[in-house]
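Novice: Contents of protein04.cif (mmCIF, C-alpha atoms and all ligand atoms):
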data_target
#
loop_
_atom_site.label_atom_id
_atom_site.label_comp_id
_atom_site.auth_asym_id
_atom_site.auth_seq_id
_atom_site.Cartn_x
_atom_site.Cartn_y
_atom_site.Cartn_z
CA MET A 1 0.00 0.00 0.00
CA ASN A 2 1.27 3.46 -0.82
CA THR A 3 1.45 5.67 2.25
CA PRO A 4 1.94 9.36 1.50
CA HIS A 5 4.81 11.08 3.29
CA LEU A 6 5.24 14.79 3.72
CA PHE A 7 8.39 16.29 2.19
CA HIS A 8 9.93 19.52 3.32
CA TYR A 9 12.20 21.15 0.79
CA ALA A 10 13.09 24.54 2.26
CA GLN A 11 11.75 27.57 4.08
CA GLY A 12 8.50 26.04 5.20
CA ARG A 13 7.59 24.67 1.84
CA PHE A 14 6.36 21.13 2.10
CA GLN A 15 4.99 18.73 -0.37
CA TRP A 16 3.33 15.34 -0.35
CA GLU A 17 5.29 13.03 -2.58
CA LEU A 18 4.18 9.70 -3.89
CA THR A 19 7.35 7.72 -4.44
CA VAL A 20 7.79 4.17 -5.66
CA THR A 21 6.93 2.74 -2.25
CA ASP A 22 5.49 5.57 -0.19
CA GLU A 23 4.56 9.22 0.16
CA TYR A 24 6.69 11.37 2.45
CA LEU A 25 7.16 14.81 3.92
CA VAL A 26 10.75 15.73 3.12
CA ILE A 27 12.67 17.77 5.68
CA MET A 28 15.75 19.88 5.15
CA PRO A 29 18.49 18.98 7.67
CA THR A 30 18.46 22.47 9.19
CA GLN A 31 14.78 22.19 10.04
CA ARG A 32 14.94 19.04 12.12
CA ARG A 33 16.01 20.56 15.44
CA TRP A 34 13.70 23.53 15.46
CA ASN A 35 13.89 23.98 19.22
CA LEU A 36 17.63 24.50 19.08
CA ILE A 37 18.01 26.34 15.83
CA GLU A 38 15.28 28.83 16.69
CA LYS A 39 17.90 30.74 18.65
CA LEU A 40 20.05 30.89 15.55
CA ALA A 41 17.23 32.29 13.41
CA PRO A 42 18.74 35.77 13.03
CA TYR A 43 21.88 34.22 11.57
CA TYR A 44 20.09 31.96 9.11
CA PRO A 45 17.26 33.99 7.57
CA GLU A 46 16.91 31.53 4.68
CA VAL A 47 15.93 28.68 7.00
CA PHE A 48 12.33 28.04 8.01
CA PHE A 49 11.73 28.66 11.71
CA SER A 50 8.54 27.86 13.47
CA LYS A 51 7.43 29.09 16.90
CA PRO A 52 4.53 26.74 17.45
CA LEU A 53 3.86 27.63 21.08
CA GLU A 54 3.10 31.23 20.20
CA HIS A 55 -0.20 29.69 19.12
CA THR A 56 -1.59 29.06 22.58
CA GLY A 57 -4.20 26.51 21.51
CA LEU A 58 -2.19 24.75 18.84
CA PHE A 59 -2.64 21.26 20.33
CA ARG A 60 -6.40 21.65 19.91
CA HIS A 61 -5.99 22.67 16.31
CA PHE A 62 -3.75 19.62 15.75
CA ALA A 63 -6.34 17.34 17.42
CA GLU A 64 -8.97 18.62 15.00
CA LEU A 65 -7.00 18.02 11.80
CA SER A 66 -9.05 15.78 9.57
CA GLY A 67 -6.03 13.70 8.58
CA ASP A 68 -6.36 14.36 4.87
CA PRO A 69 -3.00 15.19 3.23
CA GLN A 70 -4.00 18.79 2.45
CA SER A 71 -4.93 19.69 6.02
CA ILE A 72 -1.68 18.20 7.31
CA LEU A 73 0.31 19.97 4.63
CA SER A 74 -1.02 23.39 5.57
CA PHE A 75 -0.41 22.64 9.27
CA ALA A 76 3.21 21.65 8.50
CA GLU A 77 3.70 24.73 6.34
CA LYS A 78 2.77 26.93 9.27
CA HIS A 79 4.29 25.04 12.17
CA GLY A 80 6.92 22.62 10.87
CA VAL A 81 7.39 18.88 10.82
CA LEU A 82 6.28 16.63 13.64
CA LEU A 83 9.06 14.25 14.60
CA PRO A 84 12.60 14.47 15.96
CA SER A 85 15.42 13.70 13.55
CA ARG A 86 16.01 10.19 14.87
CA GLU A 87 12.51 9.14 13.85
CA VAL A 88 12.61 10.69 10.43
CA THR A 89 12.95 8.18 7.65
CA ALA A 90 14.77 8.57 4.35
CA ALA A 91 12.62 8.59 1.27
CA ARG A 92 13.21 8.95 -2.39
CA GLY A 93 12.15 12.36 -3.68
CA PRO A 94 13.07 14.51 -6.62
CA LYS A 95 16.71 15.16 -7.50
CA THR A 96 17.64 18.82 -7.19
CA GLU A 97 20.81 20.85 -7.62
CA GLU A 98 21.48 20.70 -3.86
CA ASN A 99 20.38 17.11 -3.50
CA THR A 100 21.58 15.09 -6.44
CA SER A 101 20.92 11.75 -4.72
CA GLY A 102 17.21 12.48 -4.36
CA SER A 103 17.21 10.94 -0.87
CA TRP A 104 15.37 13.21 1.60
CA PRO A 105 14.39 12.98 5.26
CA ALA A 106 10.66 12.38 5.41
CA GLU A 107 7.62 11.69 7.60
CA PRO A 108 4.92 9.18 6.73
CA LEU A 109 1.31 10.34 6.46
CA GLU A 110 0.20 7.36 8.53
CA ARG A 111 2.35 8.54 11.42
CA TRP A 112 0.73 11.99 11.30
CA ARG A 113 -2.69 10.37 11.34
CA THR A 114 -1.82 8.15 14.30
CA GLU A 115 -0.55 11.14 16.27
CA ILE A 116 -3.58 13.27 15.39
CA SER A 117 -5.93 10.48 16.58
CA LYS A 118 -3.97 10.05 19.81
CA MET A 119 -4.21 13.77 20.56
CA ARG A 120 -7.88 13.94 19.56
CA ARG A 121 -8.81 11.06 21.92
CA ALA A 122 -6.88 12.59 24.82
CA VAL A 123 -8.31 16.09 24.32
CA GLU A 124 -11.82 14.65 24.07
CA VAL A 125 -11.37 12.71 27.33
CA TRP A 126 -10.12 15.88 29.02
CA ASP A 127 -13.12 17.86 27.76
CA LEU A 128 -15.55 15.16 28.92
CA LEU A 129 -13.88 15.08 32.34
CA ARG A 130 -14.17 18.82 32.72
CA SER A 131 -17.81 18.86 31.70
CA ASP A 132 -18.56 15.93 34.07
CA ASP A 133 -19.96 13.95 31.16
CA ILE A 134 -19.82 10.58 32.90
CA ASP A 135 -22.13 8.82 30.42
CA ASN A 136 -19.95 9.68 27.45
CA LEU A 137 -16.79 8.88 29.39
CA ALA A 138 -18.17 5.43 30.23
CA GLU A 139 -18.68 4.80 26.52
CA ARG A 140 -15.05 5.64 25.75
CA PHE A 141 -13.44 3.04 28.03
CA THR A 142 -13.40 -0.68 28.59
CA ILE A 143 -12.55 -1.69 32.12
CA GLN A 144 -11.54 -5.24 33.00
CA GLU A 145 -10.45 -7.07 36.10
CA LYS A 146 -7.84 -9.80 36.02
CA GLY A 147 -6.55 -11.30 39.24
CA GLY A 148 -7.28 -8.26 41.38
CA VAL A 149 -5.74 -5.85 38.86
CA LEU A 150 -7.98 -3.46 36.96
CA THR A 151 -7.14 -2.41 33.43
CA VAL A 152 -8.50 0.55 31.50
CA ALA A 153 -8.30 1.00 27.74
CA HIS A 154 -9.84 3.44 25.28
CA VAL A 155 -12.29 1.66 22.97
CA GLU A 156 -10.61 3.21 19.91
CA ASN A 157 -7.14 2.14 21.02
CA PRO A 158 -7.47 -1.16 22.93
CA GLU A 159 -3.72 -1.95 22.76
CA GLU A 160 -2.84 0.89 25.12
CA VAL A 161 -3.76 -0.47 28.53
CA VAL A 162 -3.46 1.40 31.83
CA TYR A 163 -3.23 -0.64 35.05
CA PHE A 164 -4.80 0.09 38.42
CA THR A 165 -4.66 -1.54 41.76
CA ARG A 166 -7.98 -1.93 43.52
CA GLY A 167 -7.21 0.78 46.06
CA GLU A 168 -6.71 3.34 43.31
CA TRP A 169 -10.10 2.72 41.78
CA VAL A 170 -12.36 5.76 41.98
CA GLY A 171 -14.91 5.10 39.26
CA ILE A 172 -14.96 5.98 35.60
CA GLU A 173 -13.70 9.50 36.28
CA GLY A 174 -10.66 8.20 38.13
CA ALA A 175 -10.00 5.76 35.31
CA ALA A 176 -10.25 8.52 32.73
CA TRP A 177 -7.86 10.80 34.66
CA ARG A 178 -5.46 7.89 34.99
CA TYR A 179 -5.71 7.18 31.28
CA LEU A 180 -5.08 10.86 30.44
CA GLU A 181 -2.07 10.93 32.77
CA HIS A 182 -0.67 7.80 31.15
CA VAL A 183 -1.13 8.96 27.55
CA ILE A 184 0.31 12.44 28.17
CA ASN A 185 3.27 11.09 30.16
CA LYS A 186 4.15 8.63 27.40
CA ARG A 187 4.43 11.49 24.95
CA LEU A 188 6.28 13.77 27.40
CA GLU A 189 8.78 10.98 28.12
CA ALA A 190 9.50 10.46 24.45
CA TYR A 191 9.44 14.00 23.08
CA THR A 192 10.36 16.46 25.82
CA HIS A 193 13.35 16.80 28.11
CA ALA A 194 14.70 19.00 30.88
CA VAL A 195 17.62 21.27 30.03
CA LEU A 196 19.76 23.82 31.82
CA GLU A 197 19.99 27.03 29.83
CA PHE A 198 22.24 29.96 30.48
CA ASP A 199 20.09 33.08 30.72
CA ALA A 200 22.47 35.82 29.57
CA GLY A 201 20.10 38.60 30.69
CA LYS A 202 19.99 37.36 34.29
CA GLY A 203 23.51 35.96 34.25
CA ARG A 204 22.37 32.62 35.65
CA MET A 205 21.32 29.12 34.72
CA ALA A 206 17.63 28.27 34.34
CA LEU A 207 16.13 24.78 34.35
CA ARG A 208 13.55 24.34 31.62
CA VAL A 209 11.37 21.65 30.13
CA THR A 210 11.65 21.84 26.40
CA ALA A 211 10.36 19.90 23.43
CA LYS A 212 12.55 17.80 21.18
CA CYS A 213 10.26 18.37 18.24
CA LEU A 214 6.88 19.80 17.27
CA LEU A 215 5.08 16.71 18.57
CA GLY A 216 6.71 17.22 21.97
CA ALA A 217 5.74 20.90 21.92
CA LEU A 218 2.09 20.03 21.28
CA TRP A 219 1.94 17.55 24.17
CA LEU A 220 3.81 19.92 26.46
CA GLN A 221 1.27 22.62 25.65
CA PHE A 222 -1.56 20.16 26.35
CA ALA A 223 0.04 19.09 29.65
CA GLN A 224 0.40 22.74 30.70
CA GLY A 225 -3.27 23.25 29.86
CA VAL A 226 -4.31 20.27 32.01
CA GLU A 227 -2.11 21.35 34.90
CA GLY A 228 -3.30 24.95 34.75
CA PHE A 229 -7.05 24.23 34.21
CA LYS A 230 -6.74 26.39 31.10
CA GLU A 231 -9.74 27.34 29.03
CA TYR A 232 -9.66 27.63 25.26
CA ARG A 233 -11.83 29.31 22.70
CA GLN A 234 -12.01 29.24 18.93
CA CYS A 235 -11.69 32.63 17.21
CA GLY A 236 -15.02 33.81 15.80
CA GLU A 237 -13.28 35.14 12.71
CA CYS A 238 -10.46 32.76 11.70
CA GLY A 239 -11.20 29.61 13.73
CA THR A 240 -7.84 29.62 15.53
CA TRP A 241 -7.87 28.03 18.99
CA TYR A 242 -6.43 30.26 21.70
CA GLU A 243 -6.04 30.15 25.45
CA LEU A 244 -8.20 32.39 27.59
CA THR A 245 -6.02 34.14 30.13
CA PRO A 246 -8.36 35.91 32.57
CA ASP A 247 -5.64 38.20 33.87
CA LYS A 248 -4.50 39.31 30.41
CA ASN A 249 -7.60 39.35 28.24
CA ARG A 250 -11.20 39.48 29.22
CA THR A 251 -12.94 36.11 29.36
CA ASN A 252 -15.54 37.46 26.95
CA LYS A 253 -12.91 37.99 24.29
CA LEU A 254 -14.23 36.48 21.07
CA TYR A 255 -11.30 36.85 18.69
CA CYS A 256 -7.74 35.55 18.68
CA SER A 257 -6.15 38.88 17.77
CA ASN A 258 -6.87 42.54 17.19
CA ALA A 259 -6.57 41.89 13.45
CA CYS A 260 -9.45 39.39 13.61
CA LYS A 261 -11.48 41.71 15.86
CA GLN A 262 -11.06 44.49 13.28
CA LYS A 263 -11.97 42.19 10.43
CA ALA A 264 -15.15 41.08 12.19
CA TYR A 265 -16.02 44.69 13.00
CA ARG A 266 -15.58 45.77 9.37
CA ARG A 267 -17.66 42.85 8.22
CA ARG A 268 -20.48 43.73 10.60
CA ARG A 269 -20.35 47.38 9.55
CA ALA A 270 -20.44 46.42 5.86
CA ALA A 271 -23.45 44.16 6.51
CA THR A 272 -25.27 46.94 8.40
CA SER A 273 -24.71 49.53 5.67
CA GLN A 274 -25.86 47.04 3.04
CA GLN A 275 -29.05 46.47 5.03
CA ALA A 276 -29.55 50.21 5.31
CA GLU A 277 -29.32 50.61 1.55
CA GLU A 278 -31.85 47.87 0.88
ZN ZN B 301 -8.59 34.91 14.56
#
Just give me the structure as C-alpha cells.

Specialist:
Amino acid sequence: MNTPHLFHYAQGRFQWELTVTDEYLVIMPTQRRWNLIEKLAPYYPEVFFSKPLEHTGLFRHFAELSGDPQSILSFAEKHGVLLPSREVTAARGPKTEENTSGSWPAEPLERWRTEISKMRRAVEVWDLLRSDDIDNLAERFTIQEKGGVLTVAHVENPEEVVYFTRGEWVGIEGAAWRYLEHVINKRLEAYTHAVLEFDAGKGRMALRVTAKCLLGALWLQFAQGVEGFKEYRQCGECGTWYELTPDKNRTNKLYCSNACKQKAYRRRRAATSQQAEE
C-alpha cells in the first residue's frame, strides 16, 4: 500500500510526494532541530523557523485536523514537521541541484494520522472530564479485572492499557484521569526533556522543560493546559484556537487577535450599511 509522506524542501515549503513505495514529507536537515536552531534564526534567515507555542491553543488545532493530506500539509507549512530527527525516515524524492541523490528525510502520512488520533482522543477525554460527562466517558473506556488488577483502555485504542490496583479505583472518572495521565506522560517521556539554559540577561542558569520536536511541543502545551485548568476558545473570525487568560484578556474575548477583531467589526459594519441601503 502506498502511504503518503510529507516532504519539506526549504523555508517552510512542504509537499506530499508519492514515491515508488510511499509518500513522504521531506525535511531539510536544518529544520529538524527547530527547538535549538530557533535561537540561531537571526543568523540563518533563509531557514524556516517555526514558533509553534506562540499559538496558545495549537494542540487543539492539531487534534482537530481531519487527517487528509491537504490539512496536514497546511499545518506543516505553518508550524513545521512533527518528529525528531532520529525518527525521520529517508525517502526517495526529486533530484535537485542541492540534492543530487534524491534521498530526503521524510515523515509518513500514517504517522501523522496516528498522532492526530492520539491527541484527539486525549483532548476529548479531558473535555468530557471537565464537563462531568460521565455517560460519554463510560462509553469511551473498557474496564476489566484480572486477578485483582484493573485495566482501562480506550475503545478506539485497545492496545494501550493502563493498570490500576484496587485501592486506586475511583470510578470511571478516576480511570479517565489515569488514562489521560498515562497517555500524556508517554508522549512527554519520548518528546520532551529538561535542560539547563544559560540566561544571559539574568547571568544565571535556568532549568527548563523543552520539546525535542513539534510533537513534543504540542503535548507539552496540552500538559500545561491540564495542569493549569486552562480554558480555550475558537476565534469567531479565523477559527484559531487560543487560550483564555483571565488576567490578560477578558474572558468574553471572542477573537484571537486585534486583526481578527477588526476584520469582524468591518464585516459587521459592511453588513449593516448594506441592510440600510436595501
Ligand atoms: Zn482569529

Novice: Enumerate, as a PDB file with C-alpha atoms, in the coordinates of the input, the protein, DNA and RNA residues whose atoms approach (-8.1, 30.6, 10.7) to within 12 Å, taking into account all atoms listed in the file and the coordinate frame of the file.

Specialist:
ATOM      1  CA  HIS A  55      -0.200  29.690  19.120  1.00  0.00           C
ATOM      2  CA  LEU A  58      -2.190  24.750  18.840  1.00  0.00           C
ATOM      3  CA  HIS A  61      -5.990  22.670  16.310  1.00  0.00           C
ATOM      4  CA  SER A  74      -1.020  23.390   5.570  1.00  0.00           C
ATOM      5  CA  PHE A  75      -0.410  22.640   9.270  1.00  0.00           C
ATOM      6  CA  LYS A  78       2.770  26.930   9.270  1.00  0.00           C
ATOM      7  CA  GLN A 234     -12.010  29.240  18.930  1.00  0.00           C
ATOM      8  CA  CYS A 235     -11.690  32.630  17.210  1.00  0.00           C
ATOM      9  CA  GLY A 236     -15.020  33.810  15.800  1.00  0.00           C
ATOM     10  CA  GLU A 237     -13.280  35.140  12.710  1.00  0.00           C
ATOM     11  CA  CYS A 238     -10.460  32.760  11.700  1.00  0.00           C
ATOM     12  CA  GLY A 239     -11.200  29.610  13.730  1.00  0.00           C
ATOM     13  CA  THR A 240      -7.840  29.620  15.530  1.00  0.00           C
ATOM     14  CA  TRP A 241      -7.870  28.030  18.990  1.00  0.00           C
ATOM     15  CA  TYR A 242      -6.430  30.260  21.700  1.00  0.00           C
ATOM     16  CA  TYR A 255     -11.300  36.850  18.690  1.00  0.00           C
ATOM     17  CA  CYS A 256      -7.740  35.550  18.680  1.00  0.00           C
ATOM     18  CA  SER A 257      -6.150  38.880  17.770  1.00  0.00           C
ATOM     19  CA  ALA A 259      -6.570  41.890  13.450  1.00  0.00           C
ATOM     20  CA  CYS A 260      -9.450  39.390  13.610  1.00  0.00           C
TER      21      CYS A 260
END

Novice: May I ask which of the residues A:Val195, A:Lys186, A:Glu64, A:Lys263 is the closest one to Arg113 of chain A, counting only C-alpha atoms?

Specialist: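 Using only C-alpha atoms, Arg113 of chain A sits closest to A:Glu64.
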
Novice: Would you mind telling me which residue in A:Pro108, A:Gly57, A:Ser66, A:Leu128 lies nearest to ligand ZN 301 (chain B) when using only C-alpha atoms and all ligand atoms?

Specialist: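 The shortest atom-to-atom distance to ligand ZN 301 (chain B) comes from A:Gly57.
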
Novice: Tell me, in Å to one decimal, how far atom CA of Tyr163 of chain A is from atom CA of Ile134 of chain A.

Specialist: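 If I compute the distance from atom CA of Tyr163 of chain A to atom CA of Ile134 of chain A, I get 20.1 Å.
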
Novice: Looking at all atoms listed in the file, which of A:Ala211, A:Val81, A:Ala138, A:Ala194 is the one that sits closest to Ala175 of chain A?

Specialist: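 Under the stated criterion, the closest residue is A:Ala138.
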
Novice: So how far away is atom CA of Ile143 of chain A from atom CA of Arg187 of chain A, in Å?

Specialist: 22.7 Å

Novice: Have a look at A:Val209, A:Ser103, A:Leu196, A:Arg233 and name the one nearest to ligand ZN 301 (chain B); count all atoms listed in the file.

Specialist: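 The answer is A:Arg233, which sits nearest to ligand ZN 301 (chain B).
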
Novice: Atom CA of Trp112 of chain A and atom CA of Leu83 of chain A, how far apart in Å?

Specialist: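 Answer for the atom CA of Leu83 of chain A to atom CA of Trp112 of chain A separation: 9.2 Å.
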